[in-house]
file structure03.txt (compact mmCIF, C-alpha atoms)
# COMPACT_ATOMS: atom_id res chain seq x y z
CA MET A 1 64.86 200.59 75.09
CA HIS A 2 61.11 200.89 75.68
CA PRO A 3 59.02 201.63 72.54
CA ARG A 4 57.63 204.84 74.09
CA LYS A 5 61.11 206.17 74.80
CA ILE A 6 62.18 205.36 71.25
CA ALA A 7 59.10 207.14 69.90
CA ALA A 8 59.95 210.22 71.98
CA ILE A 9 63.50 210.27 70.59
CA LEU A 10 62.24 209.95 67.02
CA GLU A 11 59.82 212.85 67.49
CA GLN A 12 62.20 215.28 69.22
CA VAL A 13 64.56 217.78 67.57
CA PRO A 14 67.97 216.06 67.30
CA ASN A 15 70.42 216.92 70.08
CA ILE A 16 74.02 217.36 68.96
CA LEU A 17 76.85 217.39 71.54
CA ILE A 18 80.14 219.07 70.60
CA VAL A 19 83.15 217.93 72.63
CA ASP A 20 86.25 220.01 71.80
CA ASP A 21 88.78 221.82 73.99
CA LYS A 22 88.75 224.84 71.64
CA PRO A 23 85.82 227.17 72.55
CA ASP A 24 86.08 229.17 69.30
CA LEU A 25 85.58 226.08 67.13
CA SER A 26 82.73 224.92 69.40
CA LEU A 27 80.90 228.23 68.87
CA ILE A 28 81.25 227.95 65.08
CA LEU A 29 79.91 224.38 65.14
CA GLU A 30 76.99 225.48 67.35
CA ALA A 31 76.06 228.14 64.79
CA TYR A 32 76.15 225.58 61.99
CA ILE A 33 73.96 223.17 63.93
CA LEU A 34 71.42 225.85 64.84
CA SER A 35 71.12 226.82 61.17
CA TRP A 36 70.18 223.20 60.41
CA LYS A 37 67.34 223.36 62.96
CA PHE A 38 69.11 220.99 65.36
CA ARG A 39 69.78 221.60 69.08
CA PRO A 40 73.53 222.03 69.89
CA LYS A 41 75.43 221.80 73.18
CA SER A 42 79.19 222.38 73.71
CA ILE A 43 81.56 220.90 76.27
CA ASN A 44 85.22 222.00 76.39
CA ASN A 45 86.27 219.72 79.23
CA SER A 46 86.37 216.05 78.28
CA LEU A 47 85.89 215.02 81.92
CA ASP A 48 82.36 216.53 81.89
CA VAL A 49 81.12 214.31 79.05
CA ALA A 50 79.88 211.43 81.21
CA ASP A 51 77.67 213.70 83.34
CA GLU A 52 76.20 215.42 80.28
CA ILE A 53 75.44 212.14 78.51
CA GLY A 54 73.70 210.95 81.70
CA ARG A 55 71.42 214.02 81.79
CA ARG A 56 70.11 213.97 78.23
CA PHE A 57 69.95 211.76 75.17
CA TYR A 58 72.21 213.05 72.38
CA ASN A 59 71.61 211.80 68.88
CA VAL A 60 75.11 212.67 67.71
CA VAL A 61 78.38 213.51 69.48
CA LEU A 62 81.04 215.46 67.54
CA LEU A 63 84.13 214.28 69.41
CA ASP A 64 87.65 215.70 69.11
CA ILE A 65 90.44 213.16 69.39
CA LYS A 66 93.21 215.23 71.01
CA MET A 67 92.07 216.76 74.31
CA PRO A 68 93.60 217.19 77.76
CA GLY A 69 92.27 215.05 80.58
CA LYS A 70 90.76 212.31 78.44
CA SER A 71 91.18 211.80 74.72
CA GLY A 72 88.35 211.26 72.31
CA ILE A 73 89.47 207.63 71.78
CA GLU A 74 89.17 207.02 75.53
CA LEU A 75 85.73 208.62 75.63
CA ILE A 76 84.20 206.42 72.92
CA PRO A 77 83.67 203.32 75.17
CA ASP A 78 82.23 205.52 77.96
CA ILE A 79 79.71 207.15 75.62
CA ARG A 80 78.79 203.82 74.00
CA LYS A 81 78.22 202.25 77.43
CA GLN A 82 75.99 205.08 78.66
CA SER A 83 74.12 205.66 75.43
CA PRO A 84 74.46 202.80 72.90
CA ASP A 85 72.16 204.48 70.36
CA THR A 86 74.18 207.71 70.20
CA LYS A 87 76.23 208.16 67.01
CA ILE A 88 79.83 209.34 67.41
CA ILE A 89 81.65 211.36 64.74
CA MET A 90 85.38 211.85 65.38
CA MET A 91 87.19 215.13 64.59
CA THR A 92 90.93 215.54 64.24
CA GLY A 93 93.45 218.10 62.99
CA TYR A 94 95.62 215.47 61.35
CA THR A 95 95.19 212.14 59.61
CA ASP A 96 96.40 209.03 61.43
CA LYS A 97 95.31 205.80 59.81
CA GLU A 98 95.81 203.69 62.94
CA THR A 99 93.81 206.14 65.07
CA VAL A 100 90.98 206.19 62.53
CA ILE A 101 90.82 202.38 62.50
CA GLN A 102 90.88 202.24 66.30
CA ALA A 103 88.06 204.80 66.58
CA LEU A 104 85.86 202.94 64.09
CA ARG A 105 86.48 199.63 65.86
CA LEU A 106 85.44 201.21 69.18
CA GLY A 107 82.11 202.33 67.68
CA ALA A 108 82.54 205.67 65.92
CA VAL A 109 80.41 205.95 62.75
CA ASP A 110 82.48 208.52 60.84
CA PHE A 111 85.68 210.58 60.82
CA LEU A 112 86.21 214.26 59.92
CA GLU A 113 89.56 215.98 59.31
CA LYS A 114 89.87 219.63 60.32
CA PRO A 115 89.29 222.05 58.77
CA PHE A 116 86.14 220.57 57.25
CA ASP A 117 83.63 222.09 54.87
CA ARG A 118 80.31 223.22 56.35
CA GLU A 119 78.22 221.29 53.78
CA PHE A 120 80.36 218.21 54.21
CA LEU A 121 79.80 218.39 57.98
CA PHE A 122 76.03 218.73 57.45
CA HIS A 123 75.86 215.65 55.22
CA THR A 124 77.98 213.68 57.68
CA VAL A 125 75.69 214.57 60.60
CA LYS A 126 72.57 214.00 58.50
CA ARG A 127 73.80 210.58 57.38
CA SER A 128 74.44 209.61 61.01
CA LEU A 129 70.94 210.76 61.98
CA ASP A 130 69.39 208.78 59.11
CA ILE A 131 71.26 205.64 60.17
CA GLN A 132 70.17 206.19 63.75
CA ARG A 133 66.51 206.71 62.77
CA THR A 134 66.50 203.48 60.77
CA GLU A 135 68.03 201.56 63.67
CA LEU A 136 65.63 203.08 66.21
CA GLU A 137 62.59 202.38 64.03
CA PHE A 138 63.73 198.78 63.65
CA GLN A 139 64.32 198.54 67.40
CA GLN A 140 60.90 200.08 68.08
CA ALA A 141 59.20 197.57 65.77
CA TYR A 142 61.11 194.73 67.39
CA GLU A 143 60.18 195.83 70.93
CA GLU A 144 56.51 196.28 69.94
CA LEU A 145 56.57 192.82 68.39
CA LYS A 146 57.95 191.41 71.65
CA VAL A 147 55.16 193.12 73.61
CA LYS A 148 52.52 191.78 71.20
CA ARG A 149 54.01 188.31 71.42
CA GLU A 150 53.92 188.41 75.23
CA GLU A 151 50.29 189.59 75.10
CA LEU A 152 49.45 186.81 72.64
CA LEU A 153 51.10 184.19 74.84
CA PHE A 154 49.30 185.56 77.90
CA ASN A 155 45.94 185.50 76.10
CA ASP A 156 46.67 181.99 74.81
CA VAL A 157 47.31 180.79 78.36
CA ARG A 158 44.09 182.43 79.53
CA LEU A 159 42.18 180.86 76.63
CA GLN A 160 43.57 177.42 77.44
CA GLU A 161 42.66 177.87 81.10
CA SER A 162 39.13 179.00 80.12
CA ASN A 163 38.73 175.99 77.82
CA LYS A 164 39.94 173.70 80.61
CA GLN A 165 37.46 175.22 83.07
CA LEU A 166 34.68 174.98 80.46
CA MET A 167 35.42 171.29 79.84
CA GLU A 168 35.54 170.59 83.58
CA THR A 169 32.22 172.40 84.05
CA ASN A 170 30.67 170.50 81.12
CA ASN A 171 31.88 167.18 82.54
CA ALA A 172 30.53 168.10 85.97
CA LEU A 173 27.14 169.02 84.47
CA SER A 174 27.07 165.76 82.52
CA VAL A 175 27.80 163.75 85.66
CA LEU A 176 25.18 165.77 87.56
CA ALA A 177 22.57 165.12 84.85
CA GLN A 178 23.36 161.39 84.92
CA ASN A 179 23.07 161.33 88.69
CA ILE A 180 19.77 163.21 88.59
CA ASP A 181 18.37 160.81 85.97
CA ARG A 182 19.62 157.80 87.95
CA THR A 183 18.12 159.22 91.15
CA ARG A 184 14.80 159.90 89.38
CA LYS A 185 14.61 156.35 88.03
CA GLU A 186 15.55 154.90 91.40
CA THR A 187 12.92 157.05 93.11
CA GLU A 188 10.26 156.02 90.58
CA PHE A 189 11.22 152.37 91.05
CA GLN A 190 11.03 152.61 94.83
CA VAL A 191 7.65 154.43 94.72
CA SER A 192 6.27 151.86 92.26
CA LYS A 193 7.61 149.01 94.39
CA LYS A 194 6.02 150.50 97.53
CA ILE A 195 2.67 151.02 95.81
CA ARG A 196 2.62 147.48 94.40
CA ALA A 197 3.65 145.94 97.71
CA SER A 198 1.54 148.01 100.12
CA ILE A 199 -1.22 150.04 98.49
CA MET A 200 -2.45 147.85 95.61
CA PRO A 201 -3.21 144.81 97.82
CA LEU A 202 -5.29 147.01 100.13
CA ILE A 203 -7.25 148.51 97.23
CA GLU A 204 -7.93 145.06 95.76
CA LYS A 205 -9.00 143.81 99.22
CA PHE A 206 -11.41 146.72 99.57
CA HIS A 207 -12.65 146.10 96.03
CA GLU A 208 -13.49 142.44 96.80
CA SER A 209 -15.18 143.23 100.10
CA LYS A 210 -19.00 142.92 99.99
CA HIS A 211 -19.26 145.49 102.76
CA LEU A 212 -17.86 148.18 100.43
CA ASN A 213 -20.16 147.60 97.44
CA GLU A 214 -21.44 151.17 97.68
CA PHE A 215 -17.87 152.38 97.01
CA ARG A 216 -17.19 150.03 94.11
CA VAL A 217 -17.27 152.79 91.48
CA GLU A 218 -14.82 154.89 93.46
CA LEU A 219 -12.59 151.88 94.02
CA ASP A 220 -12.66 151.11 90.28
CA VAL A 221 -11.58 154.65 89.51
CA LEU A 222 -8.86 154.42 92.15
CA MET A 223 -7.59 151.12 90.76
CA ASP A 224 -7.57 152.50 87.24
CA PHE A 225 -5.63 155.47 88.45
CA MET A 226 -3.11 153.28 90.26
CA ASP A 227 -2.77 150.99 87.23
CA ASP A 228 -2.20 154.05 85.07
CA LEU A 229 0.41 155.40 87.49
CA LEU A 230 2.28 152.11 87.69
CA THR A 231 2.31 151.28 83.98
CA GLY A 232 3.15 154.76 82.66
CA LEU A 233 0.27 154.78 80.17
CA SER A 234 -0.54 158.34 81.23
CA SER A 235 2.58 159.41 79.29
CA GLU A 236 0.86 158.22 76.08
CA PRO A 237 -2.15 160.54 75.76
CA GLN A 238 -2.99 159.47 72.19
CA ILE A 239 -3.61 155.89 73.33
CA ALA A 240 -5.38 156.92 76.54
CA ASN A 241 -7.83 159.20 74.70
CA THR A 242 -9.06 156.37 72.42
CA LEU A 243 -9.90 154.00 75.28
CA SER A 244 -12.91 153.86 77.59
CA VAL A 245 -12.36 153.57 81.32
CA THR A 246 -12.84 149.77 81.20
CA GLU A 247 -10.65 149.37 78.13
CA PHE A 248 -8.00 151.54 79.70
CA ARG A 249 -7.95 149.36 82.82
CA VAL A 250 -7.80 146.15 80.78
CA ALA A 251 -4.87 147.57 78.82
CA ALA A 252 -3.09 148.45 82.05
CA LEU A 253 -3.57 144.92 83.43
CA ILE A 254 -2.34 143.41 80.18
CA LYS A 255 0.75 145.55 80.37
CA ASN A 256 1.26 144.28 83.92
CA GLY A 257 1.32 140.70 82.57
CA LEU A 258 -2.05 139.36 83.67
CA THR A 259 -3.76 136.65 81.60
CA THR A 260 -7.22 137.01 80.06
CA ASP A 261 -8.82 134.78 82.71
CA ALA A 262 -7.07 136.60 85.53
CA ILE A 263 -8.23 139.96 84.21
CA ALA A 264 -11.80 138.66 83.80
CA GLN A 265 -11.82 137.37 87.35
CA HIS A 266 -10.24 140.55 88.65
CA MET A 267 -12.77 142.83 86.92
CA TYR A 268 -15.80 140.52 87.32
CA VAL A 269 -16.35 140.33 83.54
CA SER A 270 -16.33 137.44 81.08
CA PRO A 271 -13.14 136.42 79.27
CA CYS A 272 -14.86 137.26 75.95
CA THR A 273 -15.29 140.88 77.09
CA VAL A 274 -11.62 141.04 78.00
CA LYS A 275 -10.62 139.61 74.59
CA SER A 276 -12.83 142.05 72.70

call {"tool": "encode", "arguments": {"input": "structure03.txt", "output": "structure tokens"}}
result
Amino acid sequence: MHPRKIAAILEQVPNILIVDDKPDLSLILEAYILSWKFRPKSINNSLDVADEIGRRFYNVVLLDIKMPGKSGIELIPDIRKQSPDTKIIMMTGYTDKETVIQALRLGAVDFLEKPFDREFLFHTVKRSLDIQRTELEFQQAYEELKVKREELLFNDVRLQESNKQLMETNNALSVLAQNIDRTRKETEFQVSKKIRASIMPLIEKFHESKHLNEFRVELDVLMDFMDDLLTGLSSEPQIANTLSVTEFRVAALIKNGLTTDAIAQHMYVSPCTVKS
């Protein structure tokens, strides 16, 4: 039973169904039940019980054993099948041990022998209602626990899926970063290779040409710039700031692997100047 339906049953005024073929007794029992603040309903034809049980939930059924059409013993399985949580109290005008045992085995919770005392009937009905409330509260807690467990499992699956997606995204970003870094290094290498192979020889040729003496200063600046670009010294500002233009160029050529004599010849200075 759904937890909401159980809650509705627990909150409602208890419904008591009286099934007896004697209308006079049914009216007396209805009066008793009304005085206890419960809601009574009487049926004098046993064949109408199934339809009534199907229309409304009854907390307790006061069921007579001997009735025409269908006996109370025969009705117990029908009531239990339609409404398993309904409590059945049997009523009889005589005591038959075998019948009592049979009724209890079929699912009846108690047995009353006519005529019965009003207070005794009240305590019997009240005890059945208390048992029913305990069972329904347990069932409600169990069903709510099942719902919470299903929600927890669902959230756990979602969390695992989110973690999986997060890990996949993190791995993808890591691969992307590696590819970007690899591409950057490859691009820098190719640019450096192109400059060394194509541009630097032209600059040096222009620098050595006597026809371009008037542009020697500009060519020196350009060569320094290219040396700086190719050696990466521009990424070390603390070193660059302490060097003059000439010293900076010498440092760049040293980093490129040139010897003292080669640098002196390249810059048209003495080897002693290069060493200092």

call {"tool": "residues_near_point", "arguments": {"input": "structure03.txt", "point": "(64.9, 219.4, 62.9)", "cutoff": "7 Å", "atoms": "all atoms listed in the file", "output": "ChimeraX atom specification"}}
result
/A:13-14,36-38

call {"tool": "atom_distance", "arguments": {"input": "structure03.txt", "atom1": "CA of Leu229 in chain A", "atom2": "CA of Val250 in chain A"}}
result
14.1 Å

call {"tool": "closest_residue", "arguments": {"input": "structure03.txt", "among": "A:Ile16, A:Met223, A:Ala251, A:Asp117", "to": "Pro201 in chain A", "atoms": "only C-alpha atoms"}}
result
A:Met223

call {"tool": "closest_residue", "arguments": {"input": "structure03.txt", "among": "A:His211, A:Lys41, A:Lys205, A:Lys114", "to": "Phe57 in chain A", "atoms": "all atoms listed in the file"}}
result
A:Lys41

call {"tool": "closest_residue", "arguments": {"input": "structure03.txt", "among": "A:Met226, A:Val191, A:Ile65, A:Val19", "to": "Ala252 in chain A", "atoms": "only C-alpha atoms"}}
result
A:Met226
